[in-house]
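**Student:** To start, I am sharing the structure in question, which I have written as structure tokens.
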Amino acid sequence: MGKIKIVDRIQEMLYELEVRSIMWTDFYTLHPHDMMSKVRKVMQRNRNTLVPIVLDKKLIGTLTIDNYIKWLNSKEKDKPVTRYMNVDSVTLHPQEPVISALRKMSDSKSIRVAVVEPESNELVGVICRCNLFEDILTQFDIVYKDEQVRHYRASHIFEDVQADAVNISLLFHVADTPMEFGGEIASSIRTALQNLGVNSDMIRRAGIASYEAEMNLLAYAGGGEFQVDVNPKHIKIVISDRGPGIPDVKQAMEPGYSTAPDWVRELGFGAGMGLNNIDDCSDIFKIRSEVGVGTKLVIVIDLEEP
Ligand SMILES: Nc1ncnc2c1ncn2[C@@H]1O[C@H](COP(=O)(O)OP(=O)(O)OP(=O)(O)O)[C@@H](O)[C@H]1O
Ligand SMILES: [Mg+2]
């Protein structure tokens, strides 16, 4: 495999892998009533200096080595952990793609981050930057082997259907959910394409394009719709929204151009590369937008050799 191809595949896999596949789930936590003198033991046991503070399975704060040193330096008597914990640290959610975890960790300069279920705030894991690449590479190895097996016995659903024409249509509504919970539709599209026996390279391209478009719907348009049509010739994805529209599409397509507001940038987005990534993944990419009416993207990924 050529160097460029390997880099492409690693990038694609970062979109595909979910945080839950690389997070650690086996660790000790502390209760809000626990005292600071307990922290060191938990850090030692966990071999990790992030200590989640948990009440009824829910994350209510985190303690790091910095908080612990602060307490030691203060020479105060023992105090409850709640006095020293952080309550507004960045968290990840288990279904989030690893690429977004990397962006958030780098933006917030966090080394260790807790993973919580989006709505319940239930703690389900932790991620540590120091082991991240080892954990990701292990997952790559598993995914790669799985793919080879799948490739070997790939069942092409279309070949089993006798008809003059076959077309499978999928419709997804993207609700106006917070951006940190995005990525669900892209993940469902990937799973559907996998189940249809579509070639894994095409699935990755469709996955990346869908993820970027889904994030734009959440960042700028307050949700929208995905219409996915799969037939033996191609995958066609039409994404439409009734958002504010894009005043100058040519400018929006320029690499690095972004109007992302601060709240979007704080989540690690806003590099102005989403539409370009979609274009790179598509054989045909069209974008039409009208201010005050909405935006429509058409993405076609060929399945047949030309
Ligand atoms: N669905 C949309 N509705 C309205 N404006 C949009 C929409 N999608 C993109 N835009 C506009 O186009 C710009 C470029 O989008 P693009 O996805 O390329 O970059 P970004 O979202 O700013 O950053 P990145 O995707 O790299 O995190 C956005 O900043 C925004 O102004
Ligand atoms: Mg974008």
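Please note that chains go A, B, ... in the order of the structure tokens, that every chain numbers its residues from 1, and that ligands are numbered from 1 in the order shown.
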Show me which residues are within 10 Å of ligand 2 counting only C-alpha atoms and all ligand atoms, and format the list as a list of chain:residue names.
**Tutor:** A:Tyr211, A:Glu212, A:Ala213, A:Glu214, A:Met215, A:Asn216, A:Leu217, A:Leu218, A:Ala219, A:Tyr220, A:Ala252, A:Tyr257, A:Ser258, A:Thr259, A:Ala260, A:Val264, A:Phe269, A:Gly270, A:Ala271, A:Gly272, A:Met273, A:Gly274, A:Leu275, A:Asn276, A:Asn277, A:Ile278
**Student:** Give me every helix (DSSP H, G or I) residue in segment 12-107 of chain A, going by DSSP on the backbone, as a PyMOL selection string.
**Tutor:** chain A and resi 12-16+19-22+36-46+65-74+81-83+98-107
**Student:** Can you pull out the residues contacting segment 221-238 of chain A? Cut-off 8 Å, using only C-alpha atoms, and skip same-chain residues under 3 positions away; I want them as a PDB file with C-alpha atoms, in the first residue's frame.
**Tutor:**
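Generated file (out-v6.pdb):
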```
ATOM      1  CA  PHE A 158     -27.545  -6.673  -5.056  1.00  0.00           C
ATOM      2  CA  VAL A 166     -32.674  -2.201  -7.445  1.00  0.00           C
ATOM      3  CA  ASN A 167     -32.494   0.875  -5.283  1.00  0.00           C
ATOM      4  CA  ILE A 168     -32.405   1.098  -1.516  1.00  0.00           C
ATOM      5  CA  SER A 169     -33.511   4.377   0.015  1.00  0.00           C
ATOM      6  CA  LEU A 170     -32.793   5.507   3.542  1.00  0.00           C
ATOM      7  CA  LEU A 171     -34.075   8.677   5.148  1.00  0.00           C
ATOM      8  CA  PHE A 172     -32.611  10.259   8.271  1.00  0.00           C
ATOM      9  CA  HIS A 173     -33.857  13.307  10.138  1.00  0.00           C
ATOM     10  CA  VAL A 174     -31.126  15.247  11.907  1.00  0.00           C
ATOM     11  CA  ALA A 175     -32.663  16.855  14.960  1.00  0.00           C
ATOM     12  CA  ASP A 176     -31.325  20.112  16.337  1.00  0.00           C
ATOM     13  CA  THR A 177     -29.253  18.373  19.025  1.00  0.00           C
ATOM     14  CA  ALA A 206     -19.514   8.050   2.598  1.00  0.00           C
ATOM     15  CA  ASN A 216     -22.524  21.488   9.552  1.00  0.00           C
ATOM     16  CA  LEU A 217     -26.269  20.876   9.969  1.00  0.00           C
ATOM     17  CA  LEU A 218     -25.839  21.037  13.757  1.00  0.00           C
ATOM     18  CA  ASP A 241     -31.675  21.973   5.492  1.00  0.00           C
ATOM     19  CA  ARG A 242     -33.870  25.019   5.985  1.00  0.00           C
ATOM     20  CA  GLY A 243     -31.139  26.968   7.726  1.00  0.00           C
ATOM     21  CA  PRO A 244     -29.863  30.469   6.964  1.00  0.00           C
ATOM     22  CA  GLY A 245     -28.181  29.458   3.687  1.00  0.00           C
ATOM     23  CA  GLY A 294     -31.547  26.688   3.059  1.00  0.00           C
ATOM     24  CA  LYS A 296     -28.655  21.351  -0.308  1.00  0.00           C
ATOM     25  CA  LEU A 297     -25.643  19.096  -0.866  1.00  0.00           C
ATOM     26  CA  VAL A 298     -25.575  16.259  -3.387  1.00  0.00           C
ATOM     27  CA  ILE A 299     -22.830  13.702  -2.951  1.00  0.00           C
ATOM     28  CA  VAL A 300     -22.325  10.797  -5.341  1.00  0.00           C
ATOM     29  CA  ILE A 301     -19.839   8.012  -4.702  1.00  0.00           C
ATOM     30  CA  ASP A 302     -19.449   5.574  -7.590  1.00  0.00           C
ATOM     31  CA  LEU A 303     -19.553   1.889  -6.798  1.00  0.00           C
ATOM     32  CA  GLU A 304     -18.876   0.609 -10.300  1.00  0.00           C
TER      33      GLU A 304
END
```
**Student:** If we count only C-alpha atoms and set the cut-off at 9 Å, which residues sit around segment 124-132 of chain A, ignoring sequence neighbours fewer than 4 positions away in its own chain? Please answer as number ranges by chain.
**Tutor:** A: 19-20, 22-27, 48, 50, 52, 57, 92-94, 102, 105, 110-117, 136-137
**Student:** Okay, now the selection with N, CA and C atoms, as a PDB file, in the first residue's frame?
**Tutor:**
```
ATOM      1  N   VAL A  19     -15.140   6.497  20.355  1.00  0.00           N
ATOM      2  CA  VAL A  19     -14.424   6.629  21.625  1.00  0.00           C
ATOM      3  C   VAL A  19     -14.586   5.374  22.487  1.00  0.00           C
ATOM      4  N   ARG A  20     -15.783   4.774  22.472  1.00  0.00           N
ATOM      5  CA  ARG A  20     -16.010   3.613  23.359  1.00  0.00           C
ATOM      6  C   ARG A  20     -15.072   2.452  23.051  1.00  0.00           C
ATOM      7  N   ILE A  22     -11.952   2.625  22.400  1.00  0.00           N
ATOM      8  CA  ILE A  22     -10.585   2.791  22.912  1.00  0.00           C
ATOM      9  C   ILE A  22     -10.549   3.293  24.359  1.00  0.00           C
ATOM     10  N   MET A  23     -11.742   3.500  24.960  1.00  0.00           N
ATOM     11  CA  MET A  23     -11.709   4.053  26.330  1.00  0.00           C
ATOM     12  C   MET A  23     -11.402   2.945  27.350  1.00  0.00           C
ATOM     13  N   TRP A  24     -10.905   3.359  28.489  1.00  0.00           N
ATOM     14  CA  TRP A  24     -10.685   2.411  29.572  1.00  0.00           C
ATOM     15  C   TRP A  24     -11.940   2.369  30.417  1.00  0.00           C
ATOM     16  N   THR A  25     -12.334   1.149  30.800  1.00  0.00           N
ATOM     17  CA  THR A  25     -13.576   1.048  31.564  1.00  0.00           C
ATOM     18  C   THR A  25     -13.328   0.505  32.973  1.00  0.00           C
ATOM     19  N   ASP A  26     -12.089   0.118  33.211  1.00  0.00           N
ATOM     20  CA  ASP A  26     -11.795  -0.534  34.479  1.00  0.00           C
ATOM     21  C   ASP A  26     -10.980   0.414  35.370  1.00  0.00           C
ATOM     22  N   PHE A  27     -11.666   1.160  36.228  1.00  0.00           N
ATOM     23  CA  PHE A  27     -10.937   2.121  37.060  1.00  0.00           C
ATOM     24  C   PHE A  27     -11.748   2.440  38.316  1.00  0.00           C
ATOM     25  N   ASN A  48      -3.313   6.058  36.769  1.00  0.00           N
ATOM     26  CA  ASN A  48      -3.817   7.180  35.979  1.00  0.00           C
ATOM     27  C   ASN A  48      -4.092   8.313  36.963  1.00  0.00           C
ATOM     28  N   LEU A  50      -6.146  10.781  36.655  1.00  0.00           N
ATOM     29  CA  LEU A  50      -7.479  11.388  36.594  1.00  0.00           C
ATOM     30  C   LEU A  50      -8.391  10.582  37.520  1.00  0.00           C
ATOM     31  N   PRO A  52     -12.233  10.327  38.646  1.00  0.00           N
ATOM     32  CA  PRO A  52     -13.597  10.809  38.508  1.00  0.00           C
ATOM     33  C   PRO A  52     -14.320  10.780  39.862  1.00  0.00           C
ATOM     34  N   LYS A  57     -23.626   6.846  39.963  1.00  0.00           N
ATOM     35  CA  LYS A  57     -23.071   6.543  38.631  1.00  0.00           C
ATOM     36  C   LYS A  57     -22.819   7.788  37.778  1.00  0.00           C
ATOM     37  N   LEU A  92     -16.087  13.532  27.024  1.00  0.00           N
ATOM     38  CA  LEU A  92     -16.359  12.936  25.703  1.00  0.00           C
ATOM     39  C   LEU A  92     -17.576  12.055  25.855  1.00  0.00           C
ATOM     40  N   HIS A  93     -18.190  11.663  24.722  1.00  0.00           N
ATOM     41  CA  HIS A  93     -19.244  10.666  24.844  1.00  0.00           C
ATOM     42  C   HIS A  93     -18.882   9.436  24.027  1.00  0.00           C
ATOM     43  N   PRO A  94     -19.393   8.265  24.437  1.00  0.00           N
ATOM     44  CA  PRO A  94     -18.862   7.014  23.886  1.00  0.00           C
ATOM     45  C   PRO A  94     -19.049   6.835  22.386  1.00  0.00           C
ATOM     46  N   LEU A 102      -9.901  13.719  19.618  1.00  0.00           N
ATOM     47  CA  LEU A 102      -8.555  14.280  19.482  1.00  0.00           C
ATOM     48  C   LEU A 102      -8.612  15.800  19.390  1.00  0.00           C
ATOM     49  N   MET A 105      -9.487  17.254  22.849  1.00  0.00           N
ATOM     50  CA  MET A 105      -8.401  17.145  23.821  1.00  0.00           C
ATOM     51  C   MET A 105      -7.295  18.131  23.478  1.00  0.00           C
ATOM     52  N   SER A 110      -6.200  18.982  27.275  1.00  0.00           N
ATOM     53  CA  SER A 110      -6.440  17.977  28.318  1.00  0.00           C
ATOM     54  C   SER A 110      -5.634  16.729  28.010  1.00  0.00           C
ATOM     55  N   ILE A 111      -5.069  16.147  29.058  1.00  0.00           N
ATOM     56  CA  ILE A 111      -4.310  14.915  28.874  1.00  0.00           C
ATOM     57  C   ILE A 111      -5.200  13.721  29.170  1.00  0.00           C
ATOM     58  N   ARG A 112      -6.079  13.897  30.149  1.00  0.00           N
ATOM     59  CA  ARG A 112      -6.968  12.794  30.531  1.00  0.00           C
ATOM     60  C   ARG A 112      -8.394  13.316  30.596  1.00  0.00           C
ATOM     61  N   VAL A 113      -9.312  12.557  30.031  1.00  0.00           N
ATOM     62  CA  VAL A 113     -10.687  13.047  29.933  1.00  0.00           C
ATOM     63  C   VAL A 113     -11.663  11.923  30.283  1.00  0.00           C
ATOM     64  N   ALA A 114     -12.758  12.304  30.965  1.00  0.00           N
ATOM     65  CA  ALA A 114     -13.784  11.313  31.309  1.00  0.00           C
ATOM     66  C   ALA A 114     -14.756  11.152  30.145  1.00  0.00           C
ATOM     67  N   VAL A 115     -15.299   9.944  29.997  1.00  0.00           N
ATOM     68  CA  VAL A 115     -16.290   9.675  28.951  1.00  0.00           C
ATOM     69  C   VAL A 115     -17.634   9.431  29.635  1.00  0.00           C
ATOM     70  N   VAL A 116     -18.661  10.193  29.243  1.00  0.00           N
ATOM     71  CA  VAL A 116     -19.976  10.074  29.896  1.00  0.00           C
ATOM     72  C   VAL A 116     -21.075   9.873  28.854  1.00  0.00           C
ATOM     73  N   GLU A 117     -22.153   9.184  29.257  1.00  0.00           N
ATOM     74  CA  GLU A 117     -23.316   9.040  28.375  1.00  0.00           C
ATOM     75  C   GLU A 117     -23.936  10.423  28.194  1.00  0.00           C
ATOM     76  N   ILE A 136      -5.406   3.217  19.899  1.00  0.00           N
ATOM     77  CA  ILE A 136      -5.945   3.388  18.549  1.00  0.00           C
ATOM     78  C   ILE A 136      -5.320   2.352  17.595  1.00  0.00           C
ATOM     79  N   LEU A 137      -3.994   2.166  17.727  1.00  0.00           N
ATOM     80  CA  LEU A 137      -3.340   1.213  16.818  1.00  0.00           C
ATOM     81  C   LEU A 137      -3.859  -0.200  17.033  1.00  0.00           C
TER      82      LEU A 137
END
```
**Student:** Can you check which residues of segment 71-299 of chain A DSSP gives as strand (DSSP E) on the backbone and send them as a ChimeraX atom specification?
**Tutor:** /A:91-92,112-116,123-128,168-174,224-230,234-241,284-290,294-299
**Student:** Which one of A:Ser210, A:Ser21, A:Asn46, A:Ser200 sits closest to Ser187 of chain A if you count only C-alpha atoms?
**Tutor:**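 Selected residue with least distance to Ser187 of chain A: A:Ser210.
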**Student:** Tell me which of A:Thr191, A:Leu14, A:Glu266, A:Arg205 sits closest to Lys109 of chain A, counting only C-alpha atoms.
**Tutor:**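 Of A:Thr191, A:Leu14, A:Glu266, A:Arg205, the one nearest Lys109 of chain A, counting only C-alpha atoms, is A:Glu266.
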**Student:** Taking only C-alpha atoms and all ligand atoms into account, name the residue in A:Ser282, A:Gln162, A:Ser100, A:Asn67 that is nearest to ligand 1.
**Tutor:**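 Checking each of A:Ser282, A:Gln162, A:Ser100, A:Asn67 against ligand 1, counting only C-alpha atoms and all ligand atoms, the winner is A:Ser100.
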**Student:** By how many Å are atom CA of Gly61 of chain A and atom CA of Asp88 of chain A apart?
**Tutor:**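 Spanning atom CA of Gly61 of chain A to atom CA of Asp88 of chain A is a straight-line distance of 7.4 Å.
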**Student:** Quick one: residues within 12 Å of Ile53 of chain A, only C-alpha atoms, excluding same-chain residues fewer than 2 positions away - as an MDAnalysis selection string?
**Tutor:** chainID A and resid 27:36 38:39 42 50:51 55:64 80:87 114 122:123
**Student:** How many Å separate atom 23 (O, counted along the ligand's line) of ligand 1 from atom CA of Gly256 of chain A?
**Tutor:**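 Interatomic distance, atom 23 (O, counted along the ligand's line) of ligand 1 to atom CA of Gly256 of chain A: 7.5 Å.
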**Student:** How many Å lie between atom CA of Gly207 of chain A and atom CA of Pro247 of chain A, rounded to one decimal?
**Tutor:**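 Computed distance, atom CA of Gly207 of chain A to atom CA of Pro247 of chain A, equals 26.9 Å.
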